[in-house]
Each structure stands twice: as structure tokens, then as C-alpha cells.
file model04.txt (compact mmCIF, C-alpha atoms)
# COMPACT_ATOMS: atom_id res chain seq x y z
CA MET A 1 111.17 114.33 122.82
CA SER A 2 113.78 114.44 120.21
CA GLU A 3 113.18 113.00 116.82
CA GLU A 4 116.66 111.70 116.38
CA PHE A 5 118.05 108.21 116.06
CA LYS A 6 121.37 106.50 115.60
CA VAL A 7 122.91 105.39 112.36
CA GLU A 8 125.96 103.23 111.90
CA ILE A 9 127.61 102.41 108.62
CA VAL A 10 130.10 99.54 108.62
CA ASN A 11 132.19 98.16 105.83
CA PRO A 12 134.30 95.01 106.07
CA GLU A 13 137.43 96.92 106.99
CA LYS A 14 136.07 99.13 109.71
CA SER A 15 133.20 101.00 111.21
CA PHE A 16 132.79 103.67 108.59
CA LEU A 17 130.49 106.16 110.28
CA VAL A 18 128.58 106.46 113.53
CA LYS A 19 126.14 109.29 114.10
CA ASP A 20 123.50 109.62 116.75
CA ASP A 21 121.78 112.87 115.90
CA VAL A 22 120.17 111.81 112.67
CA SER A 23 116.65 112.93 111.84
CA GLU A 24 116.16 111.11 108.56
CA VAL A 25 118.02 108.67 106.32
CA VAL A 26 117.10 107.97 102.73
CA VAL A 27 118.49 104.68 101.43
CA PRO A 28 118.32 103.26 97.90
CA ALA A 29 116.49 100.06 98.83
CA PHE A 30 116.12 97.37 96.27
CA GLU A 31 112.54 98.20 95.47
CA GLY A 32 112.91 101.94 95.47
CA GLU A 33 114.15 104.71 97.69
CA MET A 34 113.14 104.43 101.29
CA GLY A 35 113.10 107.19 103.86
CA ILE A 36 113.57 106.14 107.44
CA LEU A 37 112.43 108.28 110.34
CA LYS A 38 112.50 107.68 114.05
CA ASP A 39 110.33 104.82 115.35
CA HIS A 40 110.17 103.13 112.01
CA ILE A 41 109.07 99.50 112.26
CA SER A 42 111.93 96.99 112.42
CA ILE A 43 112.97 96.27 108.90
CA ILE A 44 115.62 94.42 106.94
CA SER A 45 116.21 95.27 103.34
CA PHE A 46 119.06 95.38 100.90
CA LEU A 47 120.42 98.10 98.72
CA LYS A 48 121.01 98.68 95.09
CA PRO A 49 123.61 101.13 93.80
CA GLY A 50 122.59 104.63 94.75
CA ILE A 51 122.95 107.50 97.16
CA ILE A 52 122.43 107.33 100.89
CA LYS A 53 121.26 110.68 102.24
CA ILE A 54 121.75 111.34 105.91
CA LEU A 55 119.94 114.35 107.32
CA SER A 56 121.01 115.57 110.70
CA LYS A 57 121.37 118.70 112.77
CA SER A 58 125.08 118.86 112.19
CA GLY A 59 124.59 118.92 108.44
CA ASP A 60 123.53 116.66 105.62
CA GLU A 61 125.78 114.01 104.17
CA ASN A 62 125.60 111.99 100.99
CA TYR A 63 127.26 108.68 100.30
CA TYR A 64 127.47 106.61 97.19
CA VAL A 65 127.06 102.84 97.77
CA GLU A 66 127.12 99.94 95.38
CA ASP A 67 125.49 97.32 97.55
CA GLY A 68 124.59 96.62 101.14
CA ILE A 69 122.07 95.57 103.71
CA VAL A 70 120.11 97.80 106.05
CA GLU A 71 118.69 96.78 109.36
CA PHE A 72 116.55 99.07 111.46
CA LYS A 73 115.72 98.03 114.98
CA ASN A 74 115.00 99.91 118.20
CA ASN A 75 115.92 103.19 116.57
CA ASN A 76 119.27 101.86 115.48
CA LEU A 77 119.96 101.86 111.80
CA SER A 78 122.82 99.64 110.67
CA ILE A 79 124.01 99.76 107.11
CA LEU A 80 126.44 97.06 105.99
CA THR A 81 128.14 97.74 102.71
CA SER A 82 131.30 96.68 100.96
CA THR A 83 131.68 99.73 98.74
CA ILE A 84 130.99 103.21 100.02
CA PHE A 85 132.26 106.69 99.16
CA ASN A 86 131.53 110.02 100.70
CA LEU A 87 130.33 112.30 97.94
CA ALA A 88 132.15 115.20 99.53
CA ASP A 89 135.45 113.38 98.98
CA MET A 90 134.61 112.18 95.52
CA ASP A 91 136.29 114.15 92.79
CA LYS A 92 135.82 114.00 89.06
CA SER A 93 138.54 111.48 88.32
CA LYS A 94 137.38 109.06 91.00
CA GLN A 95 133.88 109.26 89.68
CA GLN A 96 135.03 108.72 86.11
CA ASP A 97 136.99 105.66 87.22
CA LEU A 98 133.95 104.15 88.86
CA LEU A 99 131.78 105.01 85.91
CA LYS A 100 134.20 103.34 83.52
CA GLN A 101 134.28 100.21 85.64
CA ALA A 102 130.51 100.10 85.86
CA GLU A 103 130.10 100.63 82.12
CA GLU A 104 132.51 97.83 81.37
CA GLU A 105 130.53 95.57 83.65
CA ALA A 106 127.23 96.60 82.11
CA ASN A 107 128.53 95.87 78.64
CA LYS A 108 129.53 92.33 79.46
CA THR A 109 127.37 89.84 77.70
CA ASP A 110 127.93 86.81 79.87
CA ILE A 111 126.29 88.10 83.04
CA ASN A 112 122.82 87.28 84.29
CA ASP A 113 119.90 89.65 84.35
CA GLN A 114 120.30 90.67 87.93
CA SER A 115 123.95 91.65 87.73
CA LYS A 116 123.19 93.40 84.46
CA TYR A 117 120.46 95.36 86.17
CA LEU A 118 122.76 96.28 89.03
CA ALA A 119 125.50 97.38 86.68
CA ASP A 120 123.05 99.52 84.73
CA GLN A 121 121.93 101.08 87.97
CA LYS A 122 125.51 101.93 88.84
CA VAL A 123 126.04 103.64 85.51
CA GLU A 124 122.85 105.59 85.87
CA VAL A 125 123.58 106.83 89.38
CA LEU A 126 127.16 107.72 88.56
CA LYS A 127 126.06 109.70 85.54
CA THR A 128 123.68 111.81 87.62
CA LEU A 129 126.60 112.80 89.83
CA ASN A 130 128.14 114.83 87.05
CA MET B 1 188.56 71.47 119.90
CA ALA B 2 187.81 74.01 117.22
CA SER B 3 190.58 76.42 116.51
CA LEU B 4 190.44 80.01 117.66
CA ASP B 5 189.80 81.24 114.16
CA ASP B 6 186.86 78.90 113.67
CA LEU B 7 185.30 80.00 116.92
CA LYS B 8 185.69 83.61 115.98
CA LYS B 9 183.95 83.01 112.69
CA ARG B 10 181.09 81.16 114.32
CA ILE B 11 180.54 83.92 116.84
CA ALA B 12 180.42 86.46 114.06
CA SER B 13 177.95 84.41 112.08
CA VAL B 14 175.62 83.80 115.03
CA LYS B 15 175.75 87.48 115.83
CA SER B 16 174.68 88.46 112.34
CA THR B 17 171.86 85.91 112.45
CA GLN B 18 170.77 87.45 115.69
CA LYS B 19 170.68 90.85 114.06
CA ILE B 20 168.37 89.53 111.35
CA THR B 21 165.99 87.82 113.74
CA LYS B 22 165.91 90.90 115.89
CA ALA B 23 165.01 93.06 112.91
CA MET B 24 162.34 90.59 111.82
CA LYS B 25 160.88 90.62 115.28
CA MET B 26 160.58 94.37 115.26
CA VAL B 27 159.04 94.43 111.81
CA ALA B 28 156.55 91.77 112.88
CA ALA B 29 155.69 93.75 115.98
CA ALA B 30 154.92 96.83 113.93
CA LYS B 31 152.86 94.85 111.44
CA LEU B 32 151.12 93.02 114.24
CA ARG B 33 149.77 96.21 115.66
CA ARG B 34 148.27 97.15 112.33
CA ALA B 35 146.90 93.69 111.65
CA GLN B 36 145.40 93.47 115.10
CA GLU B 37 143.76 96.81 114.65
CA SER B 38 142.16 95.87 111.38
CA ALA B 39 141.04 92.53 112.79
CA GLU B 40 139.30 94.38 115.57
CA LYS B 41 137.82 96.93 113.21
CA GLY B 42 136.51 94.19 110.96
CA ARG B 43 134.63 92.48 113.72
CA PRO B 44 131.49 94.67 113.82
CA TYR B 45 130.73 93.91 110.18
CA SER B 46 130.83 90.15 110.49
CA GLU B 47 129.00 90.26 113.82
CA LYS B 48 126.21 92.38 112.42
CA MET B 49 126.03 90.21 109.35
CA ASN B 50 125.68 87.15 111.56
CA ASN B 51 122.97 88.81 113.60
CA ILE B 52 120.93 89.73 110.59
CA ILE B 53 121.19 86.27 109.13
CA LEU B 54 120.21 84.78 112.46
CA ASN B 55 117.16 87.01 112.62
CA LEU B 56 116.32 86.17 109.06
CA SER B 57 116.64 82.43 109.39
CA ASN B 58 114.50 82.52 112.51
CA GLY B 59 111.86 84.41 110.61
CA ILE B 60 111.85 82.13 107.64
CA SER B 61 108.60 80.24 107.49
CA ASP B 62 109.25 77.60 104.90
CA LYS B 63 112.31 75.67 106.07
CA GLU B 64 112.02 73.13 103.29
CA ASN B 65 112.53 75.66 100.57
CA ALA B 66 115.18 77.68 102.34
CA PRO B 67 118.17 78.58 100.19
CA LYS B 68 120.63 75.73 99.85
CA LEU B 69 123.48 77.81 101.22
CA LEU B 70 121.61 77.88 104.52
CA SER B 71 120.11 74.46 104.76
CA GLY B 72 122.59 72.41 102.72
CA THR B 73 122.05 70.15 99.78
CA GLY B 74 120.47 67.46 101.88
CA GLN B 75 123.42 65.13 101.56
CA GLU B 76 126.93 65.08 102.92
CA LYS B 77 129.02 63.35 100.34
CA THR B 78 131.64 65.75 99.17
CA TYR B 79 133.55 67.99 101.52
CA LEU B 80 135.36 71.11 100.45
CA CYS B 81 138.05 72.39 102.77
CA VAL B 82 139.52 75.84 102.39
CA VAL B 83 142.86 75.87 104.18
CA MET B 84 144.13 79.36 104.82
CA THR B 85 147.81 79.79 105.53
CA SER B 86 150.46 82.43 105.03
CA ASP B 87 152.64 83.10 102.03
CA ARG B 88 155.78 83.54 104.05
CA GLY B 89 157.66 81.25 106.35
CA LEU B 90 159.68 81.88 109.51
CA CYS B 91 156.59 82.30 111.63
CA GLY B 92 156.91 79.51 114.13
CA GLY B 93 154.20 76.92 114.30
CA PHE B 94 151.65 79.11 112.56
CA ASN B 95 151.26 77.13 109.36
CA SER B 96 151.96 73.73 110.89
CA ASN B 97 149.19 74.24 113.42
CA ILE B 98 146.60 74.88 110.73
CA ILE B 99 147.86 71.99 108.66
CA LYS B 100 147.80 69.66 111.63
CA LYS B 101 144.21 70.60 112.38
CA ALA B 102 143.24 70.25 108.74
CA LYS B 103 144.98 66.91 108.34
CA SER B 104 143.17 65.34 111.26
CA TYR B 105 139.90 66.56 109.76
CA PHE B 106 140.84 65.17 106.35
CA ALA B 107 141.65 61.80 107.87
CA LYS B 108 138.27 61.73 109.57
CA ILE B 109 136.44 62.50 106.35
CA LEU B 110 138.36 59.97 104.32
CA ASP B 111 137.79 57.35 107.01
CA GLU B 112 134.09 57.86 106.62
CA GLY B 113 134.47 57.14 102.94
CA LYS B 114 133.54 60.61 101.80
CA GLU B 115 135.01 62.61 99.02
CA LEU B 116 137.45 65.38 99.82
CA LYS B 117 138.37 68.50 97.88
CA ILE B 118 140.86 71.08 99.03
CA ILE B 119 141.43 74.71 98.19
CA THR B 120 144.58 76.17 99.62
CA VAL B 121 144.92 79.87 100.22
CA GLY B 122 148.52 80.90 100.75
CA SER B 123 151.52 79.11 99.31
CA LYS B 124 152.87 77.63 102.54
CA GLY B 125 149.80 75.50 103.05
CA ASN B 126 150.00 74.27 99.50
CA ASP B 127 153.66 73.31 99.98
CA GLN B 128 152.87 71.23 103.02
CA LEU B 129 149.72 69.58 101.73
CA LYS B 130 150.64 68.73 98.17
CA ARG B 131 152.91 65.89 99.21
CA VAL B 132 150.14 63.88 100.84
CA TYR B 133 146.95 65.31 99.38
CA GLY B 134 148.26 66.55 96.05
CA ASP B 135 145.51 64.90 94.04
CA LYS B 136 142.81 66.38 96.25
CA ILE B 137 143.87 70.00 95.84
CA ILE B 138 141.63 71.52 93.22
CA GLU B 139 142.69 75.11 93.54
CA ASN B 140 145.61 77.04 94.94
CA ILE B 141 145.27 80.73 95.57
CA SER B 142 147.92 83.07 96.81
CA PHE B 143 147.79 86.76 97.49
CA LYS B 144 151.47 87.52 97.51
CA GLU B 145 150.97 90.85 95.77
CA SER B 146 148.46 92.16 98.30
CA LYS B 147 150.18 93.79 101.20
CA ASN B 148 147.30 93.59 103.65
CA ALA B 149 144.27 91.39 103.78
CA ASN B 150 141.56 93.16 101.82
CA TYR B 151 137.96 92.46 101.08
CA PHE B 152 138.42 92.10 97.34
CA ASP B 153 140.68 89.11 97.76
CA ALA B 154 138.25 87.53 100.18
CA ASP B 155 135.42 88.20 97.79
CA LYS B 156 137.33 86.42 95.03
CA VAL B 157 137.68 83.31 97.15
CA GLY B 158 134.07 83.58 98.27
CA LYS B 159 132.76 83.84 94.74
CA MET B 160 134.80 80.85 93.70
CA VAL B 161 133.43 78.78 96.57
CA ILE B 162 129.87 79.75 95.71
CA GLU B 163 130.38 79.02 92.04
CA LYS B 164 131.57 75.55 92.88
CA PHE B 165 128.70 75.05 95.27
CA GLU B 166 126.15 76.03 92.68
CA ALA B 167 127.77 73.72 90.19
CA GLY B 168 127.16 70.94 92.70
CA GLU B 169 130.82 70.19 93.25
CA PHE B 170 130.51 69.82 97.02
CA ASP B 171 127.97 69.63 99.84
CA VAL B 172 129.80 70.91 102.90
CA CYS B 173 132.44 73.62 103.10
CA THR B 174 134.78 74.22 106.00
CA ILE B 175 137.45 76.87 106.35
CA PHE B 176 140.62 76.45 108.39
CA TYR B 177 142.40 79.41 109.89
CA ASN B 178 144.14 80.57 113.03
CA GLN B 179 142.14 82.64 115.42
CA PHE B 180 144.13 85.37 117.06
CA LYS B 181 143.89 85.30 120.80
CA ASN B 182 147.08 87.03 121.83
CA VAL B 183 150.67 87.24 120.73
CA ILE B 184 151.61 83.83 122.08
CA THR B 185 148.33 82.02 121.58
CA GLN B 186 146.68 81.38 118.27
CA ILE B 187 143.97 78.80 118.06
CA PRO B 188 143.56 76.84 114.85
CA GLN B 189 139.90 76.86 113.89
CA ALA B 190 137.72 74.78 111.66
CA GLN B 191 134.60 76.69 110.76
CA GLN B 192 131.81 75.30 108.66
CA ILE B 193 130.38 77.95 106.37
CA ILE B 194 128.16 75.88 104.07
CA PRO B 195 125.58 74.93 105.19
CA LEU B 196 125.50 77.63 107.80
CA ASN B 197 125.82 76.25 111.26
CA ASN B 198 123.61 78.17 113.62
CA GLU B 199 123.21 75.57 116.27
CA GLY B 200 123.80 76.66 119.82
CA GLU B 201 123.26 80.28 118.94
CA GLU B 202 119.73 80.66 120.18
CA ASN B 203 118.52 84.14 119.58
CA SER B 204 116.32 85.59 122.25
CA SER B 205 114.95 88.46 120.20
CA GLU B 206 111.43 87.67 119.27
CA GLU B 207 110.85 90.89 117.51
CA SER B 208 109.43 90.43 114.08
CA TYR B 209 110.92 92.27 111.19
CA GLU B 210 109.42 93.66 108.10
CA PHE B 211 111.21 92.45 105.02
CA GLU B 212 111.50 94.20 101.74
CA PRO B 213 111.56 92.28 99.41
CA ASP B 214 110.64 88.97 101.09
CA GLU B 215 112.86 86.83 103.31
CA ASP B 216 113.88 84.37 100.66
CA GLU B 217 115.13 86.99 98.32
CA ILE B 218 117.07 88.81 101.00
CA LEU B 219 118.55 85.57 102.23
CA SER B 220 119.63 84.41 98.82
CA ASN B 221 121.30 87.78 98.39
CA LEU B 222 122.83 87.88 101.81
CA LEU B 223 124.21 84.37 102.11
CA PRO B 224 126.82 84.67 99.36
CA LYS B 225 127.95 87.92 100.95
CA ASN B 226 128.20 86.20 104.27
CA ILE B 227 130.55 83.59 102.79
CA SER B 228 132.90 86.32 101.62
CA THR B 229 132.60 88.06 104.96
CA GLN B 230 133.47 84.93 106.89
CA ILE B 231 136.45 84.32 104.65
CA PHE B 232 137.53 87.90 105.07
CA LYS B 233 137.25 87.58 108.82
CA ALA B 234 139.38 84.46 108.65
CA MET B 235 141.97 86.33 106.58
CA LEU B 236 142.14 89.16 109.09
CA GLU B 237 142.48 86.80 112.02
CA ASN B 238 145.08 84.89 110.09
CA SER B 239 147.23 87.88 109.30
CA ALA B 240 147.18 89.03 112.90
CA SER B 241 148.04 85.51 114.02
CA GLU B 242 150.82 85.23 111.49
CA GLN B 243 152.52 88.37 112.71
CA GLY B 244 152.02 87.41 116.33
CA SER B 245 153.41 83.98 115.74
CA ARG B 246 156.37 85.37 113.81
CA MET B 247 157.06 87.88 116.53
CA SER B 248 157.27 85.29 119.28
CA ALA B 249 159.24 82.90 117.07
CA MET B 250 161.76 85.59 116.24
CA ASP B 251 161.93 86.66 119.86
CA ASN B 252 162.86 83.11 120.80
CA ALA B 253 165.38 82.91 118.00
CA THR B 254 167.02 86.13 119.13
CA ARG B 255 167.25 84.88 122.68
CA ASN B 256 168.68 81.54 121.59
CA ALA B 257 171.24 83.26 119.43
CA GLY B 258 172.24 85.38 122.42
CA GLU B 259 172.74 82.27 124.54
CA MET B 260 174.78 80.69 121.82
CA VAL B 261 177.01 83.73 121.50
CA ASP B 262 177.62 83.65 125.26
CA LYS B 263 178.53 79.99 125.17
CA LEU B 264 180.82 80.37 122.20
CA THR B 265 182.52 83.39 123.75
CA ILE B 266 183.30 81.42 126.89
CA GLU B 267 184.70 78.61 124.82
CA TYR B 268 186.74 81.07 122.78
CA ASN B 269 188.20 82.71 125.88
CA ARG B 270 189.04 79.34 127.39
CA SER B 271 190.91 78.12 124.38
CA ARG B 272 192.70 81.42 124.08
CA GLN B 273 193.79 81.10 127.69
CA ALA B 274 194.80 77.50 127.14
CA ALA B 275 196.93 78.51 124.18
CA ILE B 276 198.69 81.17 126.22
CA THR B 277 199.32 78.77 129.08
CA LYS B 278 200.67 76.20 126.69
CA GLU B 279 203.06 78.71 125.17
CA LEU B 280 204.23 79.79 128.62
CA ILE B 281 204.89 76.21 129.66
CA GLU B 282 206.87 75.65 126.49
CA ILE B 283 208.99 78.75 127.07
CA ILE B 284 209.62 77.99 130.73
CA SER B 285 210.45 74.34 130.20
CA GLY B 286 212.69 75.37 127.32
CA ALA B 287 214.51 77.84 129.59
CA GLU B 288 214.85 75.29 132.38
CA SER B 289 216.45 72.70 130.16
CA LEU B 290 219.27 75.08 129.29

call {"tool": "encode", "arguments": {"input": "model04.txt", "output": "C-alpha cells"}}
result
Amino acid sequence: MSEEFKVEIVNPEKSFLVKDDVSEVVVPAFEGEMGILKDHISIISFLKPGIIKILSKSGDENYYVEDGIVEFKNNNLSILTSTIFNLADMDKSKQQDLLKQAEEEANKTDINDQSKYLADQKVEVLKTLN
Amino acid sequence: MASLDDLKKRIASVKSTQKITKAMKMVAAAKLRRAQESAEKGRPYSEKMNNIILNLSNGISDKENAPKLLSGTGQEKTYLCVVMTSDRGLCGGFNSNIIKKAKSYFAKILDEGKELKIITVGSKGNDQLKRVYGDKIIENISFKESKNANYFDADKVGKMVIEKFEAGEFDVCTIFYNQFKNVITQIPQAQQIIPLNNEGEENSSEESYEFEPDEDEILSNLLPKNISTQIFKAMLENSASEQGSRMSAMDNATRNAGEMVDKLTIEYNRSRQAAITKELIEIISGAESL
């Protein structure tokens, strides 16, 4: 029996990615990174800024997300996110742009703790991409 | 009867109008295809979002303490209506249909003695509503600069709505938009987004989920996103409807202009003939009298 399951990433504009030969997905869940394998229990969780790693036969892929919700059910993983970038397409300038935005946000003083935390996370993740 | 020269001018002017409406129709048709595509592509996201929320709200144990965005404030005194229209005219009954729907809803609310607040999205709706409900409009947003409906704009509106909700400015929020069915049919919709209306959508899945972190936290995170998503969906449907409506309106206009040209041409030819006949009679009777 194969150890593969289906993953679907959708953003508001379109269905971003559909893959059905995935062996493992690592998502940056809110309370820490979470690896999902086949036959995982049904779960709903949401994401913090970070990297989604998709491991499959046809090659590994990495995506940077800023937020989102994951739902895993019957070996179908759905990831809903409003901001997603394929790391393979991300060049230096794009990354710098995002980093600048995130830093500006993190330096704002009038935001609450949670958005501050999220902004800090963004900065941290983007810096590791260098 | 109008003189030959006048008729000629009118024909020319109707013809040039026809050219414009024809061009607009073709532009609308091209845009429609794109708008329709993105409306279709956007559907999975809002559907999945709805599903997850449905699963979540079924799983929530403590209904009393459920987030206010889901269960409401417990009273229904102030109504916020978000009326979404286009920024451009010449699109048939598109805007009027939304306004008509919204106005009948407003009248109902005011009849019940409740307070009404309006946010208009798109300048055409504002133009039509400010005459009657000018004092009720608290905000007017327009996305003239954005070429296509995009999520950032929707998010802006969504955040504003949530901000106002958290400040206790309203209890119930409804959005008005046109749902795209096909090119000739667009259905004006009133959709209540706060509190979330899940009635009639019984979910058969009894599978229990594991939540991380707990349901409440996920819900309170998800619900604001859902507001933006619903608004975005409405914007996509609206832009497809707008182009569809404009296309059929311009198609009609082109056809009417064609009919008018035909009619005017017949009239022109008749009066030309009449003038020739008259001249002939004058010449002949002049010759006879000699």
C-alpha cells in the first residue's frame, strides 16, 4: 500500500497547488512545526508565518506562508492561505521587500501582542532565508 | 418633416454611438471571461473555509461562550449593511437591482424601529443611496484604482467591518451583491455575515477533529478571515456580474441603434424621393404653362 496522500493549497484567488503523491508535509502550525503523514488523525489547525515543506516522489517543494488554516481529513490535506510564495520563485529582491514590510510592521507600537508576535515571526523566518 | 441635412446628421450620430456601444460590448465580453474565471477559481477557497467553520461550530461544546462573530451580540438593534456596487455606469440594471434589493431591506429594518448604518462599496451605489439615506451612510469605499477584484481590497473592508463590530457599533451585518448566474441573469443577494447564519446547512459528517490549539482560539482566528473571504467572494461575483450585465446592455444598445439607423435611412430616402418628385412636378408644370 502506498504511503501517499493528497495535498491541496488554495488561496483566495485560485487553487494554488494540487498534488496527490505526497509522502509528508511539514507545516508551521501555531504551536510549533507539525509533520503530517498518511492516516494522520483528522485535525484542524492554523498557521503562523513559516515554511511549508512538501515531500513527494516527484521532488521536494518549499513554500513561504504568512498565515493560513490546515485541515486534514480522510487523507486529504487542505491548506487555506492568503499569502503564499514558492521558494523556488523567490529571488533576493522579493525577499527583501517582504522582509522590509514585516520589519515595518514589527516596529509599529500600536499593535497588540499577537500581531506583534506574528510580525516578529515573519521577520525571523525571512531572515533565515538569506 | 426634418430636412435632408438634419436626417443625415442624425444617422451619422447614431452610427457613431453604435460604434461605441459595440466596442464596449466587446471589451466587456473579454473582461467577463476573465472575471468569470477568477470567480470560479475563487470558489474552492470560500467553500473550504465554510466547511471548516461548519465543522468547527458543530464541534464547539460551549455555545454560550462562542465567539460573538459566530453567535451574535445577543441583541438585534443596529444593522450594518454593506452595499457593493460598481464604480462605473453603463451596465444596465446591475446597480439598480442591488439598490432596489437593499432599499426594500432598509425599509423593513426602519419599519421595525431599528437603527440602520450603511457602508457603500463602489461609487455608483453611493450616488444612488445618498439622496435618501445620506445620513445613514457611515463609510464610502471605492476601489477605482484596482483593476481587478483582489483580496487585499476585500481584506480592508473586512477589517473595517470587524473593527466596527468589536467597537460595538452594530449587531447584525448584511452584505448586498449580485450573484453571477449567467450573462443575462444576475441575482441580487442579501447575505448575512455577522452573526454567521448556518441554519439549513446541516452537516452530516460526524467525524471528530483534533484541534490545535483549542476550538475557541481557532474560531476566533478564523471568523475574521471568513468575513474577508465572504466579502471577497461577493466582490468576485459582483465583477463578473457587472461585466455580464454591461455586455448584454451594450448588446441591446447596439441592436437598438441598428434599428434606429434603418428607420432613419428609410425616412431619409423617402424625403429625398419626395424632393425629387416635387422638383419634377415643378419643372413639368412650368413647361406646360408655356

call {"tool": "closest_residue", "arguments": {"input": "model04.txt", "among": "B:Ile194, B:Ala35, B:Ile52, B:Met235", "to": "chain A", "atoms": "all atoms listed in the file"}}
result
B:Ile52

call {"tool": "residues_around", "arguments": {"input": "model04.txt", "residues": "Phe46 (chain A)", "least_positions_apart": "5", "cutoff": "12 Å", "atoms": "all atoms listed in the file", "output": "PDB file with C-alpha atoms, keeping the file's coordinate frame"}}
result
ATOM      1  CA  VAL A  27     118.490 104.680 101.430  1.00  0.00           C
ATOM      2  CA  PRO A  28     118.320 103.260  97.900  1.00  0.00           C
ATOM      3  CA  ALA A  29     116.490 100.060  98.830  1.00  0.00           C
ATOM      4  CA  PHE A  30     116.120  97.370  96.270  1.00  0.00           C
ATOM      5  CA  GLU A  31     112.540  98.200  95.470  1.00  0.00           C
ATOM      6  CA  GLY A  32     112.910 101.940  95.470  1.00  0.00           C
ATOM      7  CA  GLU A  33     114.150 104.710  97.690  1.00  0.00           C
ATOM      8  CA  MET A  34     113.140 104.430 101.290  1.00  0.00           C
ATOM      9  CA  VAL A  65     127.060 102.840  97.770  1.00  0.00           C
ATOM     10  CA  GLU A  66     127.120  99.940  95.380  1.00  0.00           C
ATOM     11  CA  ASP A  67     125.490  97.320  97.550  1.00  0.00           C
ATOM     12  CA  GLY A  68     124.590  96.620 101.140  1.00  0.00           C
ATOM     13  CA  ILE A  69     122.070  95.570 103.710  1.00  0.00           C
ATOM     14  CA  VAL A  70     120.110  97.800 106.050  1.00  0.00           C
ATOM     15  CA  GLU A  71     118.690  96.780 109.360  1.00  0.00           C
ATOM     16  CA  PHE A  72     116.550  99.070 111.460  1.00  0.00           C
ATOM     17  CA  SER A  78     122.820  99.640 110.670  1.00  0.00           C
ATOM     18  CA  ILE A  79     124.010  99.760 107.110  1.00  0.00           C
ATOM     19  CA  LEU A  80     126.440  97.060 105.990  1.00  0.00           C
ATOM     20  CA  THR A  81     128.140  97.740 102.710  1.00  0.00           C
TER      21      THR A  81
ATOM     22  CA  ILE B  52     120.930  89.730 110.590  1.00  0.00           C
ATOM     23  CA  PHE B 211     111.210  92.450 105.020  1.00  0.00           C
ATOM     24  CA  GLU B 212     111.500  94.200 101.740  1.00  0.00           C
ATOM     25  CA  PRO B 213     111.560  92.280  99.410  1.00  0.00           C
ATOM     26  CA  ASP B 214     110.640  88.970 101.090  1.00  0.00           C
ATOM     27  CA  GLU B 215     112.860  86.830 103.310  1.00  0.00           C
ATOM     28  CA  GLU B 217     115.130  86.990  98.320  1.00  0.00           C
ATOM     29  CA  ILE B 218     117.070  88.810 101.000  1.00  0.00           C
ATOM     30  CA  LEU B 219     118.550  85.570 102.230  1.00  0.00           C
ATOM     31  CA  SER B 220     119.630  84.410  98.820  1.00  0.00           C
ATOM     32  CA  ASN B 221     121.300  87.780  98.390  1.00  0.00           C
ATOM     33  CA  LEU B 222     122.830  87.880 101.810  1.00  0.00           C
ATOM     34  CA  LYS B 225     127.950  87.920 100.950  1.00  0.00           C
TER      35      LYS B 225
END

call {"tool": "residues_around", "arguments": {"input": "model04.txt", "residues": "Asn76 (chain A)", "least_positions_apart": "6", "cutoff": "9 Å", "atoms": "all atoms listed in the file", "output": "list in words"}}
result
Phe5, Lys6, Val7, Glu8 and Asp20 of chain A

call {"tool": "write_last_selection", "arguments": {"input": "model04.txt", "atoms": "C-alpha atoms", "output": "PDB file, keeping the file's coordinate frame"}}
result
ATOM      1  CA  PHE A   5     118.050 108.210 116.060  1.00  0.00           C
ATOM      2  CA  LYS A   6     121.370 106.500 115.600  1.00  0.00           C
ATOM      3  CA  VAL A   7     122.910 105.390 112.360  1.00  0.00           C
ATOM      4  CA  GLU A   8     125.960 103.230 111.900  1.00  0.00           C
ATOM      5  CA  ASP A  20     123.500 109.620 116.750  1.00  0.00           C
TER       6      ASP A  20
END

call {"tool": "residues_near_point", "arguments": {"input": "model04.txt", "point": "(138.6, 67.1, 97.2)", "cutoff": "10 Å", "atoms": "only C-alpha atoms", "output": "list of chain:residue names"}}
result
B:Thr78, B:Tyr79, B:Leu80, B:Cys81, B:Phe106, B:Lys114, B:Glu115, B:Leu116, B:Lys117, B:Ile118, B:Ile119, B:Tyr133, B:Gly134, B:Asp135, B:Lys136, B:Ile137, B:Ile138, B:Glu139, B:Glu169, B:Phe170

call {"tool": "write_last_selection", "arguments": {"input": "model04.txt", "atoms": "C-alpha atoms", "output": "compact mmCIF listing (two decimals), keeping the file's coordinate frame"}}
result
# COMPACT_ATOMS: atom_id res chain seq x y z
CA THR B 78 131.64 65.75 99.17
CA TYR B 79 133.55 67.99 101.52
CA LEU B 80 135.36 71.11 100.45
CA CYS B 81 138.05 72.39 102.77
CA PHE B 106 140.84 65.17 106.35
CA LYS B 114 133.54 60.61 101.80
CA GLU B 115 135.01 62.61 99.02
CA LEU B 116 137.45 65.38 99.82
CA LYS B 117 138.37 68.50 97.88
CA ILE B 118 140.86 71.08 99.03
CA ILE B 119 141.43 74.71 98.19
CA TYR B 133 146.95 65.31 99.38
CA GLY B 134 148.26 66.55 96.05
CA ASP B 135 145.51 64.90 94.04
CA LYS B 136 142.81 66.38 96.25
CA ILE B 137 143.87 70.00 95.84
CA ILE B 138 141.63 71.52 93.22
CA GLU B 139 142.69 75.11 93.54
CA GLU B 169 130.82 70.19 93.25
CA PHE B 170 130.51 69.82 97.02

call {"tool": "atom_distance", "arguments": {"input": "model04.txt", "atom1": "CA of Lys164 (chain B)", "atom2": "CA of Phe232 (chain B)"}}
result
18.3 Å

call {"tool": "interface_residues", "arguments": {"input": "model04.txt", "of": "chain B", "to": "chain A", "cutoff": "6 Å", "atoms": "all atoms listed in the file", "output": "PDB file with C-alpha atoms, keeping the file's coordinate frame"}}
result
ATOM      1  CA  LYS B  41     137.820  96.930 113.210  1.00  0.00           C
ATOM      2  CA  GLY B  42     136.510  94.190 110.960  1.00  0.00           C
ATOM      3  CA  TYR B  45     130.730  93.910 110.180  1.00  0.00           C
ATOM      4  CA  TYR B 209     110.920  92.270 111.190  1.00  0.00           C
ATOM      5  CA  GLU B 210     109.420  93.660 108.100  1.00  0.00           C
ATOM      6  CA  PHE B 211     111.210  92.450 105.020  1.00  0.00           C
ATOM      7  CA  GLU B 212     111.500  94.200 101.740  1.00  0.00           C
TER       8      GLU B 212
END

call {"tool": "closest_residue", "arguments": {"input": "model04.txt", "among": "B:Val82, B:Ala234, B:Cys91, B:Cys173", "to": "Leu129 (chain B)", "atoms": "only C-alpha atoms"}}
result
B:Val82

call {"tool": "residues_around", "arguments": {"input": "model04.txt", "residues": "region 267-269 of chain B", "least_positions_apart": "3", "cutoff": "12 Å", "atoms": "only C-alpha atoms", "output": "NGL selection string"}}
result
:B and (1-11 or 260-264 or 272-276)
